[in-house]
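Enquirer: So I've got this file, start_13.txt, and it contains compact mmCIF, C-alpha atoms and all ligand atoms:
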# COMPACT_ATOMS: atom_id res chain seq x y z
CA MET A 25 83.53 119.50 115.13
CA SER A 26 80.16 118.81 113.57
CA LEU A 27 80.87 121.74 111.24
CA ALA A 28 84.12 120.13 110.08
CA LEU A 29 82.38 116.80 109.57
CA ASP A 30 79.79 118.44 107.38
CA GLU A 31 82.67 119.42 105.16
CA ASN A 32 83.85 115.88 104.62
CA ILE A 33 84.80 115.00 101.08
CA ALA A 34 85.88 111.63 99.77
CA LEU A 35 87.13 110.14 96.51
CA VAL A 36 84.23 108.03 95.32
CA LEU A 37 84.40 105.48 92.50
CA HIS A 38 80.94 105.47 90.91
CA LYS A 39 81.71 103.05 88.12
CA VAL A 40 84.60 102.19 85.83
CA ASP A 41 86.47 105.37 84.86
CA ASP A 42 84.13 107.52 86.93
CA LEU A 43 85.98 108.85 89.97
CA ARG A 44 84.57 111.88 91.80
CA LEU A 45 85.62 113.93 94.77
CA GLU A 46 82.37 114.68 96.54
CA PRO A 47 80.69 115.27 99.91
CA PHE A 48 80.51 112.08 101.93
CA PRO A 49 78.92 111.26 105.31
CA VAL A 50 81.09 110.46 108.33
CA THR A 51 80.00 108.14 111.10
CA GLU A 52 80.41 108.99 114.77
CA PRO A 53 82.92 106.69 116.50
CA LYS A 54 81.05 103.83 118.19
CA ASP A 55 82.31 101.54 120.93
CA GLY A 56 86.03 100.88 120.41
CA GLU A 57 86.32 103.23 117.43
CA VAL A 58 88.12 106.48 116.73
CA LEU A 59 87.33 109.32 114.38
CA LEU A 60 90.34 110.40 112.35
CA GLU A 61 91.26 113.45 110.39
CA MET A 62 92.94 111.67 107.48
CA GLN A 63 96.47 112.73 106.53
CA SER A 64 98.38 110.62 103.97
CA VAL A 65 96.87 107.92 101.76
CA GLY A 66 98.99 106.00 99.23
CA ILE A 67 97.53 104.72 95.98
CA CYS A 68 97.74 100.94 95.57
CA GLY A 69 97.55 98.98 92.32
CA SER A 70 94.22 97.59 93.53
CA ASP A 71 92.72 101.10 93.78
CA VAL A 72 93.75 101.75 90.17
CA HIS A 73 92.40 98.34 89.14
CA TYR A 74 88.94 99.03 90.63
CA TRP A 75 88.93 102.42 88.90
CA LYS A 76 89.85 101.03 85.46
CA ARG A 77 88.27 97.57 85.59
CA GLY A 78 85.60 97.74 88.30
CA ALA A 79 86.55 94.40 89.87
CA ILE A 80 89.33 92.23 91.22
CA GLY A 81 88.37 88.57 91.02
CA ASP A 82 85.11 88.09 92.89
CA PHE A 83 85.24 91.59 94.41
CA ILE A 84 83.04 93.64 92.13
CA VAL A 85 82.22 97.33 92.56
CA ARG A 86 78.40 97.30 92.42
CA ALA A 87 77.73 100.54 94.27
CA PRO A 88 79.70 103.79 94.68
CA MET A 89 82.78 103.14 96.83
CA VAL A 90 85.45 105.35 98.39
CA LEU A 91 88.96 104.24 97.34
CA GLY A 92 92.19 104.05 99.36
CA HIS A 93 93.51 101.83 102.15
CA GLU A 94 97.19 102.76 102.72
CA SER A 95 96.60 105.46 105.26
CA SER A 96 97.52 107.51 108.29
CA GLY A 97 95.63 110.10 110.26
CA LYS A 98 95.22 112.13 113.42
CA ILE A 99 92.67 111.17 116.04
CA ILE A 100 90.12 113.89 116.63
CA LYS A 101 87.59 111.95 118.70
CA VAL A 102 87.58 108.68 120.60
CA GLY A 103 84.48 106.55 121.01
CA PRO A 104 83.48 104.77 124.24
CA ASN A 105 85.91 102.25 125.74
CA VAL A 106 88.95 103.25 123.70
CA LYS A 107 91.92 102.78 126.02
CA ASN A 108 94.94 102.64 123.70
CA LEU A 109 94.62 106.03 122.02
CA LYS A 110 93.62 109.61 122.71
CA GLU A 111 92.64 112.71 120.82
CA GLY A 112 95.64 114.22 119.03
CA ASP A 113 97.48 110.93 118.52
CA ARG A 114 99.05 110.47 115.08
CA VAL A 115 98.46 106.93 113.84
CA THR A 116 98.89 104.50 110.98
CA ILE A 117 95.69 102.66 110.11
CA GLU A 118 95.63 98.92 109.49
CA PRO A 119 92.83 98.67 106.91
CA GLY A 120 91.49 95.16 107.53
CA VAL A 121 89.39 94.66 110.64
CA PRO A 122 88.53 90.99 111.20
CA CYS A 123 85.70 89.49 113.29
CA ARG A 124 88.06 88.68 116.22
CA ARG A 125 85.96 85.56 117.03
CA CYS A 126 86.52 82.89 114.36
CA ASP A 127 89.23 80.21 114.49
CA PHE A 128 91.46 82.19 112.12
CA CYS A 129 91.20 85.27 114.30
CA LYS A 130 91.73 83.30 117.49
CA THR A 131 94.82 81.55 116.11
CA GLY A 132 96.37 84.82 114.92
CA ARG A 133 95.83 84.33 111.19
CA TYR A 134 93.21 87.03 111.08
CA ASN A 135 94.04 87.93 107.46
CA LEU A 136 92.18 84.71 106.58
CA CYS A 137 89.05 85.71 108.52
CA PRO A 138 86.09 85.27 106.14
CA ASP A 139 84.34 88.23 107.75
CA VAL A 140 87.22 90.72 107.53
CA VAL A 141 86.11 94.25 106.69
CA PHE A 142 88.87 95.68 104.50
CA LEU A 143 88.95 99.29 103.32
CA ALA A 144 88.27 99.89 99.62
CA THR A 145 87.39 96.26 98.97
CA PRO A 146 83.79 96.24 97.73
CA PRO A 147 81.40 96.93 99.34
CA VAL A 148 83.54 98.55 102.07
CA HIS A 149 84.44 102.23 101.67
CA GLY A 150 88.10 103.27 101.74
CA SER A 151 89.95 106.14 103.35
CA ILE A 152 90.72 108.80 100.72
CA ALA A 153 88.63 111.33 102.59
CA ARG A 154 89.03 114.18 105.01
CA TYR A 155 87.56 112.09 107.85
CA HIS A 156 87.28 108.39 108.52
CA THR A 157 86.11 106.26 111.46
CA HIS A 158 88.11 103.14 112.33
CA ALA A 159 88.56 100.41 114.97
CA ALA A 160 90.97 101.79 117.57
CA ASP A 161 92.82 98.49 117.98
CA PHE A 162 93.72 98.63 114.28
CA CYS A 163 95.37 102.04 114.65
CA PHE A 164 99.03 102.25 115.72
CA LYS A 165 100.55 105.35 117.25
CA LEU A 166 103.36 106.92 115.23
CA PRO A 167 106.48 108.03 117.09
CA ASP A 168 106.96 111.81 116.70
CA HIS A 169 109.76 111.44 114.15
CA VAL A 170 107.79 109.13 111.85
CA THR A 171 105.93 111.11 109.19
CA TYR A 172 102.35 110.56 108.10
CA GLU A 173 103.59 109.39 104.71
CA GLU A 174 105.79 106.81 106.39
CA GLY A 175 102.78 105.82 108.48
CA ALA A 176 100.74 105.22 105.32
CA PHE A 177 103.63 103.16 103.94
CA CYS A 178 103.27 100.67 106.80
CA GLU A 179 100.47 99.12 104.70
CA PRO A 180 102.47 97.94 101.67
CA LEU A 181 105.50 97.34 103.88
CA SER A 182 103.38 94.96 105.98
CA VAL A 183 102.80 92.91 102.82
CA GLY A 184 106.58 92.67 102.42
CA VAL A 185 107.09 91.74 106.07
CA HIS A 186 104.40 89.07 105.87
CA ALA A 187 105.84 87.65 102.62
CA CYS A 188 109.31 87.41 104.20
CA ARG A 189 107.91 85.81 107.36
CA ARG A 190 105.99 83.27 105.30
CA ALA A 191 109.19 82.60 103.32
CA GLY A 192 111.30 82.24 106.45
CA VAL A 193 113.81 84.92 105.44
CA THR A 194 116.65 85.03 107.92
CA ILE A 195 120.33 85.88 108.26
CA GLY A 196 122.19 84.78 105.15
CA SER A 197 119.11 84.10 103.00
CA LYS A 198 119.65 84.40 99.27
CA VAL A 199 116.45 85.72 97.79
CA LEU A 200 115.00 85.99 94.30
CA ILE A 201 112.23 88.57 93.94
CA THR A 202 110.34 88.54 90.64
CA GLY A 203 108.65 91.88 89.86
CA ALA A 204 110.14 95.20 90.94
CA GLY A 205 106.93 97.16 91.49
CA PRO A 206 106.10 98.64 94.91
CA ILE A 207 105.37 95.19 96.38
CA GLY A 208 108.59 93.66 95.06
CA LEU A 209 110.49 96.65 96.46
CA VAL A 210 108.97 96.48 99.95
CA SER A 211 109.63 92.73 99.97
CA MET A 212 113.26 93.46 99.08
CA LEU A 213 113.54 96.07 101.85
CA ALA A 214 111.95 93.73 104.39
CA ALA A 215 114.16 90.80 103.31
CA LYS A 216 117.30 92.89 103.78
CA ALA A 217 116.12 94.10 107.17
CA MET A 218 115.41 90.50 108.19
CA GLY A 219 118.96 89.42 107.36
CA ALA A 220 119.03 88.39 103.70
CA ASP A 221 122.50 89.13 102.38
CA THR A 222 121.87 88.84 98.65
CA ILE A 223 118.74 89.80 96.77
CA ILE A 224 118.27 89.52 93.04
CA MET A 225 115.25 91.19 91.45
CA THR A 226 113.80 90.55 88.01
CA ASP A 227 111.39 92.61 85.92
CA ILE A 228 110.54 93.15 82.27
CA SER A 229 111.03 96.91 82.71
CA GLN A 230 114.64 98.12 82.79
CA ALA A 231 113.49 101.39 84.39
CA ARG A 232 111.95 99.48 87.31
CA LEU A 233 115.17 97.46 87.69
CA ASP A 234 117.32 100.59 87.65
CA PHE A 235 115.14 102.03 90.39
CA ALA A 236 115.36 98.79 92.41
CA LYS A 237 119.14 99.03 92.28
CA THR A 238 119.11 102.58 93.69
CA VAL A 239 117.01 101.48 96.68
CA GLY A 240 119.01 98.40 97.60
CA ALA A 241 118.66 95.36 95.32
CA THR A 242 122.01 93.54 95.21
CA TYR A 243 121.49 92.40 91.60
CA THR A 244 118.87 93.03 88.94
CA LEU A 245 118.06 90.97 85.87
CA LEU A 246 115.84 91.65 82.88
CA ALA A 247 113.46 88.66 82.72
CA ASP A 248 113.48 86.52 79.60
CA ASN A 249 110.20 85.13 78.21
CA ASP A 250 111.74 81.71 78.77
CA ALA A 251 111.48 81.03 82.51
CA GLN A 252 114.18 78.36 82.49
CA LYS A 253 116.60 80.78 80.88
CA THR A 254 115.80 83.44 83.48
CA ALA A 255 116.26 80.90 86.28
CA GLN A 256 119.61 79.91 84.78
CA LYS A 257 120.74 83.54 84.67
CA VAL A 258 119.70 84.00 88.31
CA THR A 259 121.95 81.08 89.30
CA GLU A 260 124.83 82.43 87.21
CA THR A 261 124.51 85.88 88.78
CA LEU A 262 124.31 84.63 92.37
CA GLY A 263 126.81 81.83 91.93
CA CYS A 264 124.18 79.50 93.45
CA MET A 265 120.42 79.03 93.41
CA PRO A 266 118.40 81.25 95.78
CA ASN A 267 116.92 79.39 98.75
CA ILE A 268 113.87 81.68 98.77
CA SER A 269 111.84 83.18 95.93
CA ILE A 270 109.19 85.83 96.43
CA GLU A 271 106.94 86.17 93.39
CA CYS A 272 105.66 89.76 93.12
CA SER A 273 104.49 90.15 89.52
CA GLY A 274 101.63 87.70 89.08
CA ALA A 275 102.99 86.86 85.59
CA GLU A 276 102.86 83.19 84.67
CA SER A 277 106.42 83.10 83.28
CA SER A 278 107.63 84.73 86.44
CA ILE A 279 105.96 82.13 88.68
CA GLN A 280 107.59 79.49 86.49
CA THR A 281 110.96 81.19 87.08
CA THR A 282 110.52 80.91 90.85
CA PHE A 283 109.68 77.19 90.56
CA TYR A 284 112.66 76.43 88.32
CA GLY A 285 114.98 78.88 90.01
CA THR A 286 114.68 78.02 93.71
CA VAL A 287 117.17 75.58 95.21
CA SER A 288 115.88 72.10 96.10
CA GLY A 289 114.27 72.18 99.53
CA GLY A 290 113.70 75.93 99.24
CA VAL A 291 110.60 78.07 99.54
CA VAL A 292 108.52 79.97 96.99
CA VAL A 293 105.96 82.49 98.23
CA LEU A 294 103.31 83.72 95.85
CA VAL A 295 102.46 87.36 96.46
CA GLY A 296 101.59 88.43 92.91
CA LEU A 297 98.00 87.78 91.93
CA GLY A 298 97.61 87.30 88.21
CA ARG A 299 95.29 85.11 86.17
CA PRO A 300 93.31 82.57 88.20
CA LEU A 301 94.89 79.58 86.39
CA ALA A 302 98.50 79.12 85.41
CA SER A 303 100.60 76.42 83.76
CA LEU A 304 103.47 75.67 86.12
CA PRO A 305 106.37 73.15 86.29
CA ILE A 306 104.75 71.37 89.20
CA VAL A 307 106.62 68.06 88.92
CA ASN A 308 109.95 69.88 88.91
CA ALA A 309 108.90 71.67 92.09
CA ALA A 310 107.46 68.52 93.70
CA VAL A 311 110.46 66.24 93.20
CA ARG A 312 112.78 68.98 94.46
CA GLU A 313 110.61 69.52 97.57
CA ILE A 314 109.98 73.18 96.93
CA ASP A 315 107.54 74.54 99.51
CA ILE A 316 104.97 76.74 97.76
CA ARG A 317 103.20 79.15 100.09
CA GLY A 318 100.46 81.66 99.52
CA VAL A 319 100.40 85.19 100.85
CA PHE A 320 97.24 87.15 101.57
CA ARG A 321 97.85 90.66 102.85
CA TYR A 322 99.31 90.29 106.38
CA ALA A 323 98.53 89.61 110.01
CA ASN A 324 100.33 91.03 113.02
CA CYS A 325 102.78 92.86 110.76
CA TYR A 326 101.97 96.53 111.39
CA PRO A 327 104.01 96.78 114.60
CA ALA A 328 107.03 95.23 112.85
CA ALA A 329 106.66 97.43 109.76
CA LEU A 330 106.38 100.52 111.93
CA SER A 331 109.39 99.47 113.99
CA LEU A 332 111.49 98.93 110.84
CA ILE A 333 110.66 102.45 109.68
CA ALA A 334 110.94 104.13 113.08
CA SER A 335 114.32 102.56 113.82
CA GLY A 336 115.69 103.62 110.43
CA ARG A 337 116.32 100.04 109.37
CA ILE A 338 114.06 100.64 106.39
CA ASP A 339 113.79 103.91 104.50
CA VAL A 340 110.60 104.02 102.45
CA LYS A 341 110.89 107.72 101.56
CA PRO A 342 112.74 107.17 98.25
CA LEU A 343 109.79 105.05 97.08
CA ILE A 344 107.43 108.03 97.32
CA THR A 345 107.86 109.52 93.88
CA HIS A 346 104.73 111.68 93.54
CA ARG A 347 102.50 113.73 95.85
CA TYR A 348 99.08 115.32 95.29
CA ASP A 349 96.55 117.19 97.37
CA ILE A 350 93.21 115.41 97.86
CA ASN A 351 91.67 118.02 95.55
CA GLU A 352 93.88 116.67 92.77
CA SER A 353 93.05 113.01 93.48
CA VAL A 354 91.99 112.17 89.95
CA LYS A 355 95.33 113.49 88.65
CA ALA A 356 97.05 111.41 91.31
CA PHE A 357 95.28 108.30 90.01
CA GLU A 358 96.23 109.15 86.43
CA MET A 359 99.87 109.32 87.53
CA ALA A 360 99.59 106.02 89.41
CA GLU A 361 98.08 104.40 86.33
CA SER A 362 100.78 105.74 83.99
CA GLY A 363 103.36 103.33 85.40
CA GLN A 364 105.88 106.16 85.80
CA ALA A 365 105.43 106.39 89.55
CA ILE A 366 106.45 104.00 92.29
CA LYS A 367 104.27 105.32 95.13
CA VAL A 368 101.83 108.19 94.74
CA MET A 369 100.71 109.81 98.00
CA ILE A 370 97.56 111.85 98.48
CA LYS A 371 97.57 114.55 101.15
CA CYS A 372 94.14 114.55 102.79
CA GLY A 373 94.77 116.68 105.87
CA LYS A 374 96.29 119.98 106.86
CA GLU A 375 99.25 118.62 108.84
CA VAL A 376 102.81 118.32 107.51
CA GLN A 377 103.03 114.94 105.80
CA ASN A 378 106.75 114.40 105.17
P1 LIG B 1 103.01 96.45 89.84
O1 LIG B 1 102.16 96.14 88.67
O2 LIG B 1 103.39 97.86 90.10
O3 LIG B 1 104.38 95.63 89.74
C1 LIG B 1 104.50 94.42 89.08
C2 LIG B 1 105.85 94.40 88.39
O4 LIG B 1 106.03 93.14 87.77
C3 LIG B 1 105.98 95.47 87.31
O5 LIG B 1 107.14 96.26 87.52
C4 LIG B 1 106.04 94.65 86.03
O6 LIG B 1 106.87 95.27 85.02
C5 LIG B 1 106.66 93.36 86.53
N1 LIG B 1 106.45 92.21 85.65
C6 LIG B 1 105.44 91.97 84.79
N2 LIG B 1 105.65 90.81 84.13
C7 LIG B 1 106.81 90.30 84.60
C8 LIG B 1 107.57 89.14 84.31
N3 LIG B 1 107.15 88.25 83.40
N4 LIG B 1 108.73 88.95 84.99
C9 LIG B 1 109.16 89.83 85.90
N5 LIG B 1 108.48 90.97 86.22
C10 LIG B 1 107.33 91.19 85.56
O7 LIG B 1 102.26 95.82 91.09
P2 LIG B 1 102.58 95.89 92.67
O8 LIG B 1 101.73 96.92 93.27
O9 LIG B 1 104.04 95.92 92.91
O10 LIG B 1 101.96 94.49 93.09
C11 LIG B 1 102.58 93.31 92.63
C12 LIG B 1 101.62 92.13 92.68
O11 LIG B 1 101.31 91.82 94.02
C13 LIG B 1 100.28 92.35 91.98
O12 LIG B 1 99.94 91.17 91.29
C14 LIG B 1 99.32 92.58 93.12
O13 LIG B 1 98.01 92.21 92.80
C15 LIG B 1 99.90 91.68 94.16
N6 LIG B 1 99.58 91.96 95.57
C16 LIG B 1 99.27 90.89 96.31
C17 LIG B 1 99.01 91.05 97.65
C18 LIG B 1 98.68 89.86 98.46
O14 LIG B 1 98.19 90.02 99.57
N7 LIG B 1 98.97 88.66 97.99
C19 LIG B 1 99.05 92.32 98.23
C20 LIG B 1 99.39 93.40 97.43
C21 LIG B 1 99.66 93.21 96.09
ZN ZN B 2 87.52 86.15 112.15
Please lay out the structure from this file as structure tokens.
Ligand code: NAD
Ligand code: ZN
Expert:
Amino acid sequence: MSLALDENIALVLHKVDDLRLEPFPVTEPKDGEVLLEMQSVGICGSDVHYWKRGAIGDFIVRAPMVLGHESSGKIIKVGPNVKNLKEGDRVTIEPGVPCRRCDFCKTGRYNLCPDVVFLATPPVHGSIARYHTHAADFCFKLPDHVTYEEGAFCEPLSVGVHACRRAGVTIGSKVLITGAGPIGLVSMLAAKAMGADTIIMTDISQARLDFAKTVGATYTLLADNDAQKTAQKVTETLGCMPNISIECSGAESSIQTTFYGTVSGGVVVLVGLGRPLASLPIVNAAVREIDIRGVFRYANCYPAALSLIASGRIDVKPLITHRYDINESVKAFEMAESGQAIKVMIKCGKEVQN
């Protein structure tokens, strides 16, 4: 064991454009923690953003940081007082561990905990490594038939589940999703699984829209620069206005489309994070009683995401377009940055991943 740990390597971001696979220390599992042999880790847009820009908003990479937070692994050691898991268990890892004591934590909205420790959000190290230590209560056991890659996919899928819960998606919902990147796609999959019968997705990339169609979007629409025109086309395509819009691009014109395009009394959820300030048709939304809701990651969504995958109600496998060994991590990041991929997976461990 200690021999294996000595061999730990991790993908460390030193500064903008400087990503290195190098030896990295592993910590022994303390009270309530488990030591994992990492298996699959997906690359998220935020990982690429830190690599290329060095910051997201107020989160600035000031010291070397391991990237990656969409992950699964196999437990190789349990720390004291771990009751829910044992050595050998295959798990998906929820990356944000909150304080468990503040009002947000106590009322179940632990994603809003100001003291949350979230993987690969500076200064916290991420999980693209051979070994990683994590809070046991934020690891969820994978059924035997769920692959490690599917386990890693519970992370972005949880964002989709949370967005749909915040939006109140239910049987018969008609949903507009703006942005057909990985987050738009998982929101679409979650919305369908939660009962939405019609989902229209917009993007400025026809290739992304074509892909969205193959994985289940009812309709797709190339977004116009003019948000009102796009909203009008959405209504024409659906034959009515959507009662829910899930904004997944962060683009100002796209947020405008959700405001104009949602039926009076409907709900807009803002998942996409773009520029800090935007010019939006706020009076239009106000007088039509559009409820505008924020989305920050997720809380209590991992069990639901895992259940959707395990039961076959959601198939995330077609979204995994590229795979690399941890030794080829930099190449994997180059592919993720190219925009050609939907989800790039890194294989960190020796087990079968898919
Ligand atoms: P992505 O960049 O892969 O996808 C965004 C998509 O939006 C792209 O396909 C792009 O072509 C499209 N787009 C750009 N401008 C558009 C426009 N005007 N109209 C329609 N589509 C347009 O990113 P992703 O990984 O899918 O993430 C989507 C967004 O969600 C990002 O802003 C990301 O930061 C955010 N995000 C938020 C949370 C949260 O907790 N709120 C969590 C994860 C990701
Ligand atoms: Zn808290």
Enquirer: Using only C-alpha atoms, which of the listed residues (A:Ala79, A:Cys126, A:Val50, A:Cys178) sits closest to A:Thr157?
Expert: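 Distance minimum relative to A:Thr157 lands on A:Val50.
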Enquirer: Between A:Val199, A:Ile84, A:Leu181, A:Ile67, which one has atoms that come closest to A:Ile366, using only C-alpha atoms?
Expert: A:Ile67
Enquirer: Give me the residues within 10 Å of A:Ala275 as a PyMOL selection string, counting all atoms listed in the file and dropping any in the same chain fewer than 3 places off.
Expert: chain A and resi 202-203+271-272+278-281+296-299+302
Enquirer: Could you write out the selected residues, including C-alpha atoms, as a compact mmCIF listing (two decimals), in the coordinates of the input?
Expert:
# COMPACT_ATOMS: atom_id res chain seq x y z
CA THR A 202 110.34 88.54 90.64
CA GLY A 203 108.65 91.88 89.86
CA GLU A 271 106.94 86.17 93.39
CA CYS A 272 105.66 89.76 93.12
CA SER A 278 107.63 84.73 86.44
CA ILE A 279 105.96 82.13 88.68
CA GLN A 280 107.59 79.49 86.49
CA THR A 281 110.96 81.19 87.08
CA GLY A 296 101.59 88.43 92.91
CA LEU A 297 98.00 87.78 91.93
CA GLY A 298 97.61 87.30 88.21
CA ARG A 299 95.29 85.11 86.17
CA ALA A 302 98.50 79.12 85.41
Enquirer: Would you compute an axis-aligned box for stretch 216-228 of chain A, covering every atom listed for it in the file with 3 Å of margin on each side, and report centre and edge lengths in Å to one decimal as lines of an AutoDock Vina configuration file?
Expert:
center_x = 116.5
center_y = 91.2
center_z = 95.2
size_x = 18.0
size_y = 11.7
size_z = 31.9
Enquirer: For atom CA of A:Thr222 and atom CA of A:Ile195, quote the distance in Å rounded to one decimal.
Expert: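 Between atom CA of A:Thr222 and atom CA of A:Ile195 the gap works out to 10.2 Å.
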Enquirer: What residues of the protein or nucleic acid chains come within 6 Å of ligand ZN 2 (chain B) when you use all atoms listed in the file? Reply as a list in words.
Expert: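 These are the residues that qualify: Pro122, Cys123, Arg124, Arg125, Cys126, Phe128, Cys129, Tyr134, Cys137 and Asp139 of chain A.
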Enquirer: How far is it from atom CA of A:Ile268 to atom CA of A:Leu301, in Å with one decimal?
Expert: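 A separation of 22.8 Å between them.
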